[in-house]
>>> print(open('data25.cif').read())   # mmCIF, C-alpha atoms
data_query
loop_
_atom_site.label_atom_id
_atom_site.label_comp_id
_atom_site.auth_asym_id
_atom_site.auth_seq_id
_atom_site.Cartn_x
_atom_site.Cartn_y
_atom_site.Cartn_z
CA MET U 1 88.63 76.81 -25.99
CA THR U 2 85.09 75.45 -25.60
CA GLU U 3 84.30 71.83 -26.14
CA PRO U 4 81.68 71.12 -28.85
CA THR U 5 80.26 68.21 -26.89
CA ALA U 6 76.75 67.10 -26.01
CA THR U 7 77.41 67.63 -22.29
CA ILE U 8 75.06 70.03 -20.50
CA PRO U 9 77.03 72.87 -18.85
CA GLU U 10 77.04 72.95 -15.05
CA ARG U 11 74.36 75.32 -13.79
CA GLY U 12 76.38 76.48 -10.80
CA ALA U 13 79.34 77.44 -13.00
CA VAL U 14 77.03 79.36 -15.33
CA LEU U 15 75.47 81.35 -12.49
CA LYS U 16 78.88 82.07 -10.96
CA ALA U 17 80.19 83.42 -14.28
CA LEU U 18 77.14 85.65 -14.70
CA GLU U 19 77.29 86.89 -11.11
CA ALA U 20 80.85 88.07 -11.78
CA ILE U 21 79.49 90.55 -14.34
CA ARG U 22 78.23 93.75 -12.73
CA ASP U 23 74.95 95.49 -13.42
CA PRO U 24 76.01 99.05 -14.40
CA LYS U 25 73.07 100.59 -12.54
CA SER U 26 72.94 98.68 -9.25
CA GLY U 27 76.51 97.43 -9.05
CA LEU U 28 75.23 93.94 -8.21
CA GLY U 29 76.05 90.79 -10.13
CA LEU U 30 73.67 89.99 -12.96
CA VAL U 31 72.05 87.15 -11.00
CA SER U 32 71.58 89.20 -7.82
CA ALA U 33 70.26 92.12 -9.86
CA GLY U 34 67.52 89.90 -11.31
CA LEU U 35 68.76 90.35 -14.87
CA VAL U 36 69.20 86.66 -15.70
CA GLN U 37 65.82 85.81 -17.19
CA ALA U 38 64.71 82.62 -18.93
CA LEU U 39 67.97 80.78 -18.29
CA ALA U 40 68.17 77.61 -20.38
CA LEU U 41 70.84 74.92 -20.38
CA GLY U 42 71.14 72.36 -23.15
CA PRO U 43 73.73 69.98 -24.60
CA GLY U 44 76.72 72.18 -25.41
CA ARG U 45 74.75 75.41 -25.12
CA VAL U 46 73.42 77.99 -22.67
CA GLY U 47 71.36 81.13 -23.06
CA PHE U 48 69.20 83.65 -21.27
CA MET U 49 67.56 87.06 -21.68
CA ILE U 50 68.33 90.46 -20.18
CA GLU U 51 65.23 92.66 -20.06
CA VAL U 52 65.71 96.39 -19.42
CA ALA U 53 63.97 99.68 -20.04
CA ALA U 54 64.06 100.96 -23.61
CA ALA U 55 66.18 103.96 -22.59
CA ASP U 56 68.86 101.61 -21.18
CA ALA U 57 69.31 99.45 -24.29
CA ASP U 58 72.61 101.05 -25.30
CA LEU U 59 73.91 100.90 -21.73
CA TYR U 60 73.32 97.16 -21.48
CA GLU U 61 74.57 96.11 -24.92
CA PRO U 62 78.18 95.78 -23.63
CA ILE U 63 76.84 93.76 -20.69
CA ARG U 64 75.09 91.41 -23.12
CA ALA U 65 78.31 90.98 -25.08
CA ALA U 66 80.36 90.43 -21.90
CA ALA U 67 77.90 87.81 -20.62
CA GLU U 68 78.01 85.97 -23.93
CA ALA U 69 81.81 86.00 -23.93
CA ALA U 70 81.93 84.73 -20.33
CA LEU U 71 79.60 81.86 -21.12
CA LYS U 72 81.60 80.84 -24.17
CA GLY U 73 84.66 80.49 -21.93
CA LEU U 74 83.02 77.86 -19.72
CA PRO U 75 83.59 74.12 -20.11
CA HIS U 76 81.10 72.27 -22.29
CA VAL U 77 79.71 75.48 -23.83
CA ALA U 78 79.93 75.32 -27.61
CA ARG U 79 77.33 78.04 -28.13
CA ALA U 80 76.09 80.90 -25.98
CA GLN U 81 73.02 83.01 -26.72
CA VAL U 82 72.24 86.16 -24.76
CA VAL U 83 69.27 88.24 -25.90
CA LEU U 84 68.76 91.86 -24.83
CA THR U 85 65.11 92.90 -24.78
CA ALA U 86 64.10 96.49 -24.15
CA GLU U 87 60.53 97.14 -23.10
CA GLY U 88 58.48 99.86 -21.48
CA GLY U 89 58.36 103.58 -22.13
CA PRO U 90 61.45 105.80 -22.18
CA GLY U 91 62.93 106.04 -18.72
CA ALA U 92 60.77 103.25 -17.33
CA ALA U 93 62.32 100.93 -14.78
CA PRO U 94 63.36 97.46 -15.85
CA VAL U 95 60.53 94.98 -15.76
CA HIS U 96 60.76 92.47 -12.92
CA ASP U 97 58.35 89.55 -12.77
CA HIS U 98 58.08 85.96 -11.61
CA ALA U 99 59.48 84.67 -14.90
CA ARG U 100 62.96 85.84 -13.91
CA ASP U 101 65.46 83.15 -12.90
CA HIS U 102 67.38 84.07 -9.75
CA GLY U 103 69.44 80.91 -9.73
CA HIS U 104 66.68 78.53 -8.67
CA GLY U 105 63.33 77.22 -9.82
CA HIS U 106 62.46 76.44 -13.42
CA SER U 107 64.68 76.95 -16.44
CA HIS U 108 63.05 78.73 -19.35
CA ALA U 109 64.28 78.97 -22.92
CA PRO U 110 65.77 82.10 -24.47
CA ALA U 111 64.77 83.55 -27.79
CA PRO U 112 66.56 81.64 -30.54
CA SER U 113 69.05 84.23 -31.70
CA PRO U 114 72.01 85.96 -30.06
CA GLN U 115 71.10 89.22 -31.73
CA SER U 116 69.67 92.05 -29.63
CA PHE U 117 66.02 93.04 -29.64
CA ARG U 118 65.24 96.70 -29.16
CA VAL U 119 61.52 97.06 -28.85
CA SER U 120 59.52 99.75 -27.11
CA ARG U 121 55.93 99.01 -26.22
CA GLY U 122 55.25 102.50 -24.86
CA GLY U 123 53.85 101.37 -21.52
CA ALA U 124 51.69 103.73 -19.45
CA GLN U 125 53.48 105.98 -16.95
CA ALA U 126 52.23 108.06 -14.04
CA ASN U 127 52.38 111.77 -14.97
CA PRO U 128 54.64 111.26 -18.00
CA PRO U 129 56.65 114.29 -19.10
CA PRO U 130 55.30 116.09 -22.17
CA ARG U 131 56.88 115.01 -25.43
CA PRO U 132 57.01 116.84 -28.72
CA PRO U 133 54.75 115.32 -31.37
CA GLU U 134 56.44 112.66 -33.47
CA PRO U 135 56.08 112.49 -37.24
CA PRO U 136 53.86 109.67 -38.49
CA ARG U 137 55.70 106.39 -38.96
CA ALA U 138 56.02 104.96 -42.40
CA PRO U 139 54.00 101.81 -43.09
CA GLN U 140 55.87 98.62 -42.26
CA ALA U 141 56.30 96.25 -45.17
CA PRO U 142 55.15 92.65 -44.59
CA LEU U 143 57.93 90.32 -43.47
CA LYS U 144 59.23 87.83 -45.98
CA PRO U 145 62.48 85.87 -45.74
CA ALA U 146 65.03 86.43 -48.48
CA HIS U 147 64.97 83.99 -51.40
CA VAL U 148 61.59 82.50 -50.47
CA GLY U 149 58.73 82.29 -52.94
CA HIS U 150 55.43 81.68 -51.15
CA LEU U 151 54.53 81.61 -47.45
CA VAL U 152 51.67 79.23 -46.70
CA ALA U 153 50.12 79.06 -43.22
CA VAL U 154 48.55 75.83 -41.95
CA ALA U 155 46.14 76.83 -39.20
CA SER U 156 43.35 75.58 -36.98
CA GLY U 157 40.87 77.31 -34.72
CA LYS U 158 41.60 74.86 -31.90
CA GLY U 159 44.17 72.29 -30.86
CA GLY U 160 43.88 68.54 -31.26
CA VAL U 161 42.67 68.44 -34.86
CA GLY U 162 45.96 67.25 -36.38
CA LYS U 163 47.16 70.57 -37.75
CA SER U 164 50.84 69.75 -37.29
CA THR U 165 50.37 66.34 -38.88
CA VAL U 166 48.86 68.05 -41.92
CA ALA U 167 51.57 70.74 -42.00
CA VAL U 168 54.47 68.25 -41.85
CA ASN U 169 52.99 65.89 -44.42
CA LEU U 170 51.98 68.76 -46.70
CA ALA U 171 55.57 70.04 -46.66
CA CYS U 172 56.93 66.56 -47.40
CA ALA U 173 54.36 66.04 -50.15
CA LEU U 174 55.34 69.33 -51.81
CA ALA U 175 58.98 68.23 -51.62
CA ALA U 176 58.04 64.88 -53.19
CA LEU U 177 56.44 66.82 -56.06
CA GLY U 178 59.80 68.46 -56.73
CA TYR U 179 59.41 71.79 -54.95
CA ARG U 180 62.08 73.28 -52.69
CA VAL U 181 60.26 73.43 -49.37
CA GLY U 182 60.80 74.74 -45.87
CA LEU U 183 58.77 74.22 -42.68
CA LEU U 184 58.60 76.74 -39.83
CA ASP U 185 57.12 75.20 -36.69
CA ALA U 186 55.54 78.31 -35.17
CA ASP U 187 53.75 76.41 -32.42
CA VAL U 188 55.98 77.79 -29.64
CA TYR U 189 54.25 76.12 -26.70
CA GLY U 190 53.78 72.72 -28.34
CA PRO U 191 56.46 72.23 -31.02
CA SER U 192 56.05 68.81 -32.66
CA ALA U 193 57.85 69.10 -36.01
CA PRO U 194 61.17 67.74 -34.66
CA LEU U 195 59.46 64.55 -33.49
CA MET U 196 57.44 64.11 -36.68
CA LEU U 197 60.47 64.71 -38.91
CA GLY U 198 62.92 62.73 -36.79
CA LEU U 199 65.13 65.77 -36.10
CA LYS U 200 67.21 65.99 -32.92
CA ASP U 201 70.32 68.11 -33.54
CA SER U 202 70.40 71.87 -33.01
CA PRO U 203 70.76 73.95 -36.19
CA GLU U 204 74.18 75.28 -37.14
CA GLN U 205 74.91 79.00 -37.49
CA THR U 206 76.57 81.09 -40.17
CA PRO U 207 79.32 83.61 -39.28
CA GLU U 208 76.56 86.25 -39.48
CA LEU U 209 74.68 84.36 -36.70
CA LYS U 210 71.86 83.16 -38.95
CA LEU U 211 70.48 79.69 -38.38
CA ILE U 212 71.01 76.98 -41.00
CA PRO U 213 67.90 74.76 -41.00
CA PRO U 214 68.49 71.00 -40.92
CA VAL U 215 66.98 68.99 -43.75
CA ALA U 216 64.71 65.97 -43.28
CA TRP U 217 62.79 64.17 -46.01
CA GLY U 218 63.66 66.93 -48.45
CA VAL U 219 62.32 69.71 -46.18
CA LYS U 220 64.34 72.45 -44.47
CA ALA U 221 62.87 72.77 -40.98
CA ILE U 222 63.19 75.10 -37.99
CA SER U 223 61.39 74.76 -34.67
CA ILE U 224 61.70 76.10 -31.16
CA GLY U 225 61.85 72.43 -30.26
CA LEU U 226 65.32 72.24 -31.87
CA LEU U 227 66.61 75.08 -29.69
CA VAL U 228 65.51 74.01 -26.21
CA LYS U 229 65.87 70.88 -24.11
CA GLU U 230 63.30 68.22 -24.94
CA GLY U 231 60.30 68.40 -22.62
CA GLU U 232 61.21 71.84 -21.27
CA ALA U 233 58.22 74.13 -20.77
CA LEU U 234 58.42 77.54 -22.42
CA ILE U 235 57.01 80.20 -20.11
CA TRP U 236 56.99 83.17 -22.46
CA ARG U 237 54.69 86.13 -22.64
CA GLY U 238 53.04 86.78 -25.98
CA ALA U 239 55.29 89.67 -26.98
CA ILE U 240 58.48 87.66 -26.40
CA ALA U 241 57.12 84.63 -28.24
CA THR U 242 56.08 86.80 -31.17
CA ARG U 243 59.54 88.37 -31.45
CA ALA U 244 61.18 84.95 -31.23
CA LEU U 245 59.01 83.68 -34.08
CA THR U 246 59.79 86.77 -36.12
CA GLN U 247 63.47 85.92 -35.80
CA LEU U 248 62.83 82.31 -36.76
CA LEU U 249 61.12 83.60 -39.87
CA THR U 250 63.75 86.13 -40.92
CA ASP U 251 67.05 85.05 -39.30
CA VAL U 252 67.17 81.64 -40.97
CA VAL U 253 68.91 80.81 -44.23
CA TRP U 254 65.84 79.37 -45.93
CA GLY U 255 67.25 79.86 -49.41
CA THR U 256 69.97 81.54 -51.43
CA ALA U 257 70.11 83.35 -54.74
CA GLU U 258 71.44 80.16 -56.34
CA ASP U 259 69.02 77.85 -54.49
CA PRO U 260 65.85 79.74 -53.54
CA LEU U 261 63.01 78.18 -51.59
CA ASP U 262 59.78 77.74 -53.51
CA ILE U 263 57.37 77.37 -50.59
CA LEU U 264 57.70 77.91 -46.83
CA VAL U 265 54.97 76.10 -44.88
CA ILE U 266 54.24 77.70 -41.49
CA ASP U 267 52.70 75.43 -38.87
CA MET U 268 50.72 78.06 -36.96
CA PRO U 269 49.88 77.87 -33.25
CA PRO U 270 46.27 76.75 -32.72
CA GLY U 271 43.64 79.38 -32.07
CA THR U 272 43.37 83.07 -32.87
CA GLY U 273 45.38 84.77 -30.11
CA ASP U 274 47.88 87.61 -30.23
CA ILE U 275 50.77 85.44 -31.49
CA GLN U 276 48.71 84.14 -34.39
CA LEU U 277 47.36 87.58 -35.23
CA SER U 278 50.82 89.16 -35.13
CA LEU U 279 52.22 86.52 -37.48
CA VAL U 280 49.34 86.88 -39.90
CA GLN U 281 49.47 90.68 -39.89
CA SER U 282 53.23 91.02 -40.19
CA SER U 283 54.02 88.20 -42.65
CA ALA U 284 53.56 88.30 -46.41
CA LEU U 285 51.39 85.19 -46.49
CA ALA U 286 50.32 83.88 -49.88
CA GLY U 287 47.47 82.01 -48.28
CA ALA U 288 46.24 79.75 -45.48
CA VAL U 289 45.09 76.14 -45.26
CA LEU U 290 42.53 75.57 -42.49
CA VAL U 291 42.44 72.18 -40.75
CA SER U 292 39.43 70.76 -38.93
CA THR U 293 37.78 67.54 -37.87
CA PRO U 294 34.15 66.88 -38.90
CA GLN U 295 32.60 67.56 -35.50
CA GLU U 296 30.77 70.81 -34.93
CA ALA U 297 32.93 71.87 -31.94
CA ALA U 298 35.95 72.04 -34.26
CA LEU U 299 34.04 73.60 -37.13
CA ILE U 300 32.92 76.52 -34.95
CA ASP U 301 36.58 77.32 -34.31
CA VAL U 302 37.39 76.95 -38.01
CA ARG U 303 34.90 79.70 -38.75
CA ARG U 304 36.61 81.88 -36.14
CA GLY U 305 39.98 81.19 -37.73
CA ALA U 306 38.60 81.99 -41.16
CA ALA U 307 37.31 85.30 -39.82
CA MET U 308 40.81 86.21 -38.60
CA PHE U 309 42.32 85.59 -42.03
CA GLU U 310 39.54 87.42 -43.80
CA LYS U 311 39.85 90.48 -41.55
CA THR U 312 43.59 90.64 -42.26
CA ALA U 313 43.08 90.23 -46.03
CA THR U 314 44.87 86.87 -46.09
CA PRO U 315 43.55 84.51 -48.80
CA ILE U 316 42.19 81.17 -47.62
CA LEU U 317 43.36 78.39 -49.91
CA GLY U 318 40.78 76.00 -48.53
CA VAL U 319 39.70 73.65 -45.74
CA VAL U 320 41.05 70.15 -45.02
CA GLU U 321 38.99 67.63 -43.06
CA ASN U 322 41.32 65.54 -40.91
CA MET U 323 40.17 62.35 -39.13
CA ALA U 324 37.34 62.36 -41.63
CA TYR U 325 36.47 58.69 -41.23
CA PHE U 326 37.83 55.32 -40.11
CA PRO U 327 38.08 52.69 -42.86
CA ASP U 328 36.39 49.43 -41.85
CA PRO U 329 39.23 46.89 -41.42
CA THR U 330 37.24 44.26 -43.31
CA THR U 331 35.45 46.11 -46.08
CA GLY U 332 37.25 49.46 -46.19
CA ALA U 333 33.89 51.24 -45.93
CA PRO U 334 34.17 54.63 -44.18
CA ILE U 335 32.98 54.70 -40.57
CA PRO U 336 32.20 58.36 -39.63
CA ILE U 337 33.38 58.32 -36.00
CA PHE U 338 33.29 62.13 -35.67
CA GLY U 339 30.52 62.71 -38.21
CA ARG U 340 31.02 63.24 -41.92
CA GLY U 341 31.10 66.14 -44.34
CA GLY U 342 31.09 68.95 -41.77
CA ALA U 343 34.29 70.56 -43.05
CA GLN U 344 33.10 70.34 -46.65
CA ALA U 345 29.84 72.08 -45.72
CA THR U 346 31.76 74.72 -43.75
CA ALA U 347 34.04 75.38 -46.72
CA LYS U 348 31.00 75.91 -48.91
CA GLN U 349 29.49 78.22 -46.31
CA LEU U 350 32.73 80.24 -46.19
CA GLY U 351 32.96 80.37 -49.97
CA VAL U 352 36.36 78.64 -50.09
CA ASP U 353 37.56 75.38 -51.63
CA PHE U 354 37.33 72.04 -49.88
CA LEU U 355 40.78 70.48 -50.22
CA GLY U 356 39.98 66.90 -49.26
CA GLU U 357 39.68 64.33 -46.48
CA ILE U 358 42.40 62.67 -44.42
CA PRO U 359 41.24 59.35 -42.89
CA ILE U 360 41.94 58.10 -39.38
CA ASP U 361 44.99 55.96 -40.00
CA MET U 362 47.01 54.00 -37.45
CA ALA U 363 49.96 53.99 -39.84
CA LEU U 364 49.83 57.79 -40.01
CA ARG U 365 49.95 58.07 -36.24
CA GLU U 366 52.81 55.60 -35.97
CA ALA U 367 54.75 57.36 -38.74
CA CYS U 368 54.44 60.71 -36.92
CA ASP U 369 55.67 59.20 -33.65
CA GLU U 370 58.62 57.54 -35.39
CA GLY U 371 59.73 60.66 -37.29
CA ARG U 372 58.95 59.07 -40.66
CA PRO U 373 56.25 61.12 -42.45
CA LEU U 374 53.81 58.71 -44.07
CA VAL U 375 53.59 60.66 -47.31
CA ALA U 376 57.36 60.19 -47.72
CA THR U 377 57.60 56.56 -46.62
CA ALA U 378 54.27 55.16 -47.91
CA PRO U 379 53.03 57.53 -50.63
CA ALA U 380 50.73 54.85 -52.09
CA SER U 381 48.78 54.52 -48.83
CA PRO U 382 45.33 56.18 -48.62
CA SER U 383 46.69 58.91 -46.33
CA GLY U 384 49.77 59.36 -48.50
CA GLN U 385 47.61 59.79 -51.57
CA ALA U 386 45.39 62.27 -49.73
CA PHE U 387 48.39 64.43 -48.76
CA LEU U 388 49.83 64.31 -52.28
CA ALA U 389 46.45 65.43 -53.66
CA LEU U 390 46.38 68.26 -51.11
CA ALA U 391 49.89 69.33 -52.09
CA GLU U 392 48.99 69.33 -55.78
CA GLN U 393 46.00 71.60 -55.12
CA VAL U 394 48.05 74.00 -52.99
CA ALA U 395 50.86 74.17 -55.56
CA LYS U 396 48.38 74.69 -58.39
CA LYS U 397 46.72 77.58 -56.57
CA LEU U 398 50.06 79.24 -55.84
CA ALA U 399 51.26 78.84 -59.42
CA ALA U 400 48.02 80.24 -60.81
CA GLY U 401 48.14 83.24 -58.51
CA ASP U 402 44.88 82.32 -56.81
CA ALA U 403 46.48 83.32 -53.51
CA GLY U 404 48.39 86.32 -54.73
CA LYS U 405 46.61 88.94 -52.65
CA PRO U 406 49.26 90.74 -50.54
CA ALA U 407 49.09 90.86 -46.77
CA PRO U 408 47.92 94.18 -45.29
CA ARG U 409 50.44 96.93 -44.57
CA ILE U 410 50.70 97.63 -40.86
CA VAL U 411 50.76 101.23 -39.61
CA PHE U 412 51.72 101.94 -35.98
CA GLU U 413 49.87 104.79 -34.31
CA ASP U 414 50.57 106.36 -30.94
#
>>> encode(input="data25.cif", output="structure tokens")
Amino acid sequence: MTEPTATIPERGAVLKALEAIRDPKSGLGLVSAGLVQALALGPGRVGFMIEVAAADADLYEPIRAAAEAALKGLPHVARAQVVLTAEGGPGAAPVHDHARDHGHGHSHAPAPSPQSFRVSRGGAQANPPPRPPEPPRAPQAPLKPAHVGHLVAVASGKGGVGKSTVAVNLACALAALGYRVGLLDADVYGPSAPLMLGLKDSPEQTPELKLIPPVAWGVKAISIGLLVKEGEALIWRGAIATRALTQLLTDVVWGTAEDPLDILVIDMPPGTGDIQLSLVQSSALAGAVLVSTPQEAALIDVRRGAAMFEKTATPILGVVENMAYFPDPTTGAPIPIFGRGGAQATAKQLGVDFLGEIPIDMALREACDEGRPLVATAPASPSGQAFLALAEQVAKKLAAGDAGKPAPRIVFED
């Protein structure tokens, strides 16, 4: 029986157990065959990925199950997660790259669910055999977790503007207003929600292997940061990160029929790359809140972010200006360190609402570092009042249907 302790499993024992399982194609152990990818060890848990050709997915499913069972039998392993990813065209060889872990070097984190992925990206092949034409695929419905009302994205065109601070405090402010709220930290490479909410424990799982989000300050929260060792770098390609986030969106018990979630706030990764675009295109977003600072360098990226949402028919709820000013310690008069009014002017230019200003506040920074959201612990403070006002505007727009335009339907074409 495994021990549900906080002890990190011994790496050598893990590799030895995996090497004892044979690759059905080469006959080598899984480690020697290069099939142990993104190995991650954490307190009471271990996981990795097996990446094979799409045509071999069925062949390797028993191997995935055997590896998971072997890991669960090791000391100090309370939970084992083995993910099978299938990529490349039919008959293509398994992908081998420098991200694979051959028993040395860096440890990388696995995708957050023990369920198997089966994804074909149809990679190019030399002289591929002719294939009969396939019927057109049916449009894919936008993703939306069960028993969740509205999905609201908090986004920024660039990093460093306080997007996560706004997302966490917005979620807590909505909860303070009486809404049932969840927060998905979708910033895979820089997850900060666990720190800002004071969360440390890994989420529990249901018998159906769905994650149960921990609750902090009235908010149900899930983050990659809760599934990997603190400070561990995630070296994931875009496609893997996107699939992992899709699972965090859909394989989490956000709500139930008896206790549905009203609003799920999604803290988006900064920028407008493939991960952001995939999330926006595939999710049934009710709308997006754009975060910026007043300076022109940030506002240029806000306009790029707005263009992404507009091109994918996602409503923009409005623009928030973070670090808008510094209150003079003596008089309280605003000191525009980064300029003033740029986000408001940009919102007007974009034809969307300006949702307010968040001042530069030492207490806000300290509250984030201590895992005590300011809007929950000091709601009467200037920043607390600003976040509550933002939450009221967002909730009012959602209730009025101002953001009711559906996300586009995605059609895959060969």
>>> closest_residue(input="data25.cif", among="U:Val280, U:Ala391, U:Ala333, U:Ile263", to="U:Val320", atoms="all atoms listed in the file")
U:Ala391
>>> closest_residue(input="data25.cif", among="U:Arg365, U:Arg79, U:Lys210, U:Arg340", to="U:Leu248", atoms="all atoms listed in the file")
U:Lys210
>>> residues_around(input="data25.cif", residues="stretch 181-192 of chain U", least_positions_apart="3", cutoff="8 Å", atoms="all atoms listed in the file", output="ChimeraX atom specification")
/U:164,168,171-172,174-175,195-196,218-225,233-234,241,245,248-249,254,261-270
>>> closest_residue(input="data25.cif", among="U:Pro359, U:Ala33, U:Thr85, U:Ala216", to="U:Ala176", atoms="all atoms listed in the file")
U:Ala216
>>> axis_aligned_box(input="data25.cif", around="stretch 394-400 of chain U", padding_each_side="4 Å", output="AutoDock Vina command-line options")
--center_x 49.0 --center_y 77.1 --center_z -56.9 --size_x 12.5 --size_y 14.2 --size_z 15.8
>>> residues_around(input="data25.cif", residues="U:Ser156", least_positions_apart="2", cutoff="8 Å", atoms="all atoms listed in the file", output="MDAnalysis selection string")
chainID U and resid 154 158:159 161 163 268:271 290:292 301:302 305
>>> atom_distance(input="data25.cif", atom1="atom CA of U:Leu227", atom2="atom CA of U:Ser202")
6.0 Å
>>> resolve_selection(input="data25.cif", expression="the PyMOL selection byres ((chain U and resi 61-72) around 8)", output="CSV table (one decimal) with C-alpha atoms, in the frame of the given file")
chain,number,residue,atom,x,y,z
U,2,THR,CA,85.1,75.4,-25.6
U,14,VAL,CA,77.0,79.4,-15.3
U,17,ALA,CA,80.2,83.4,-14.3
U,18,LEU,CA,77.1,85.6,-14.7
U,21,ILE,CA,79.5,90.6,-14.3
U,23,ASP,CA,75.0,95.5,-13.4
U,46,VAL,CA,73.4,78.0,-22.7
U,50,ILE,CA,68.3,90.5,-20.2
U,57,ALA,CA,69.3,99.4,-24.3
U,58,ASP,CA,72.6,101.0,-25.3
U,59,LEU,CA,73.9,100.9,-21.7
U,60,TYR,CA,73.3,97.2,-21.5
U,73,GLY,CA,84.7,80.5,-21.9
U,74,LEU,CA,83.0,77.9,-19.7
U,77,VAL,CA,79.7,75.5,-23.8
U,78,ALA,CA,79.9,75.3,-27.6
U,79,ARG,CA,77.3,78.0,-28.1
U,80,ALA,CA,76.1,80.9,-26.0
U,81,GLN,CA,73.0,83.0,-26.7
U,82,VAL,CA,72.2,86.2,-24.8
U,83,VAL,CA,69.3,88.2,-25.9
U,84,LEU,CA,68.8,91.9,-24.8
U,116,SER,CA,69.7,92.0,-29.6
>>> resolve_selection(input="data25.cif", expression="the PyMOL selection byres ((chain U and resi 339) around 10)", output="CSV table (one decimal) with C-alpha atoms, keeping the file's coordinate frame")
chain,number,residue,atom,x,y,z
U,293,THR,CA,37.8,67.5,-37.9
U,294,PRO,CA,34.2,66.9,-38.9
U,295,GLN,CA,32.6,67.6,-35.5
U,296,GLU,CA,30.8,70.8,-34.9
U,323,MET,CA,40.2,62.4,-39.1
U,324,ALA,CA,37.3,62.4,-41.6
U,325,TYR,CA,36.5,58.7,-41.2
U,335,ILE,CA,33.0,54.7,-40.6
U,336,PRO,CA,32.2,58.4,-39.6
U,337,ILE,CA,33.4,58.3,-36.0
U,338,PHE,CA,33.3,62.1,-35.7
U,340,ARG,CA,31.0,63.2,-41.9
U,341,GLY,CA,31.1,66.1,-44.3
U,342,GLY,CA,31.1,69.0,-41.8
U,343,ALA,CA,34.3,70.6,-43.0
>>> resolve_selection(input="data25.cif", expression="the PyMOL selection byres ((chain U and resi 250) around 8)", output="mmCIF file with C-alpha atoms, in the coordinates of the input")
data_model
loop_
_atom_site.group_PDB
_atom_site.id
_atom_site.type_symbol
_atom_site.label_atom_id
_atom_site.label_comp_id
_atom_site.auth_asym_id
_atom_site.auth_seq_id
_atom_site.Cartn_x
_atom_site.Cartn_y
_atom_site.Cartn_z
ATOM 1 C CA LEU U 143 57.930 90.320 -43.470
ATOM 2 C CA LYS U 144 59.230 87.830 -45.980
ATOM 3 C CA PRO U 145 62.480 85.870 -45.740
ATOM 4 C CA ALA U 146 65.030 86.430 -48.480
ATOM 5 C CA THR U 246 59.790 86.770 -36.120
ATOM 6 C CA GLN U 247 63.470 85.920 -35.800
ATOM 7 C CA LEU U 248 62.830 82.310 -36.760
ATOM 8 C CA LEU U 249 61.120 83.600 -39.870
ATOM 9 C CA ASP U 251 67.050 85.050 -39.300
ATOM 10 C CA VAL U 252 67.170 81.640 -40.970
#
>>> closest_residue(input="data25.cif", among="U:Pro9, U:Gly371, U:Pro379, U:Gly332", to="U:Gly198", atoms="only C-alpha atoms")
U:Gly371
>>> closest_residue(input="data25.cif", among="U:Pro260, U:Ile8, U:Leu151, U:Ser383", to="U:Leu398", atoms="only C-alpha atoms")
U:Leu151
>>> atom_distance(input="data25.cif", atom1="atom CA of U:Leu299", atom2="atom CA of U:His150")
26.8 Å
>>> atom_distance(input="data25.cif", atom1="atom CA of U:Leu15", atom2="atom CA of U:Ala244")
23.8 Å
>>> closest_residue(input="data25.cif", among="U:Ala153, U:Leu209, U:Ala399, U:Val228", to="U:Phe48", atoms="all atoms listed in the file")
U:Val228
>>> build_atoms(input="data25.cif", residues="stretch 150-159 of chain U", atoms="N, CA and C atoms", output="CSV table (one decimal), in the frame of the given file")
chain,number,residue,atom,x,y,z
U,150,HIS,N,56.7,81.5,-51.8
U,150,HIS,CA,55.4,81.7,-51.2
U,150,HIS,C,55.5,81.2,-49.7
U,151,LEU,N,54.8,82.0,-48.8
U,151,LEU,CA,54.5,81.6,-47.4
U,151,LEU,C,53.1,81.1,-47.3
U,152,VAL,N,53.0,79.9,-46.8
U,152,VAL,CA,51.7,79.2,-46.7
U,152,VAL,C,51.5,78.8,-45.2
U,153,ALA,N,50.4,79.4,-44.6
U,153,ALA,CA,50.1,79.1,-43.2
U,153,ALA,C,49.2,77.9,-43.2
U,154,VAL,N,49.5,76.9,-42.3
U,154,VAL,CA,48.6,75.8,-42.0
U,154,VAL,C,48.0,76.1,-40.6
U,155,ALA,N,46.7,76.3,-40.5
U,155,ALA,CA,46.1,76.8,-39.2
U,155,ALA,C,44.9,76.0,-38.8
U,156,SER,N,44.6,76.2,-37.5
U,156,SER,CA,43.4,75.6,-37.0
U,156,SER,C,42.8,76.5,-35.9
U,157,GLY,N,41.5,76.5,-35.7
U,157,GLY,CA,40.9,77.3,-34.7
U,157,GLY,C,41.1,76.8,-33.3
U,158,LYS,N,41.4,75.5,-33.2
U,158,LYS,CA,41.6,74.9,-31.9
U,158,LYS,C,42.7,73.8,-32.0
U,159,GLY,N,43.2,73.4,-30.9
U,159,GLY,CA,44.2,72.3,-30.9
U,159,GLY,C,43.5,70.9,-30.9
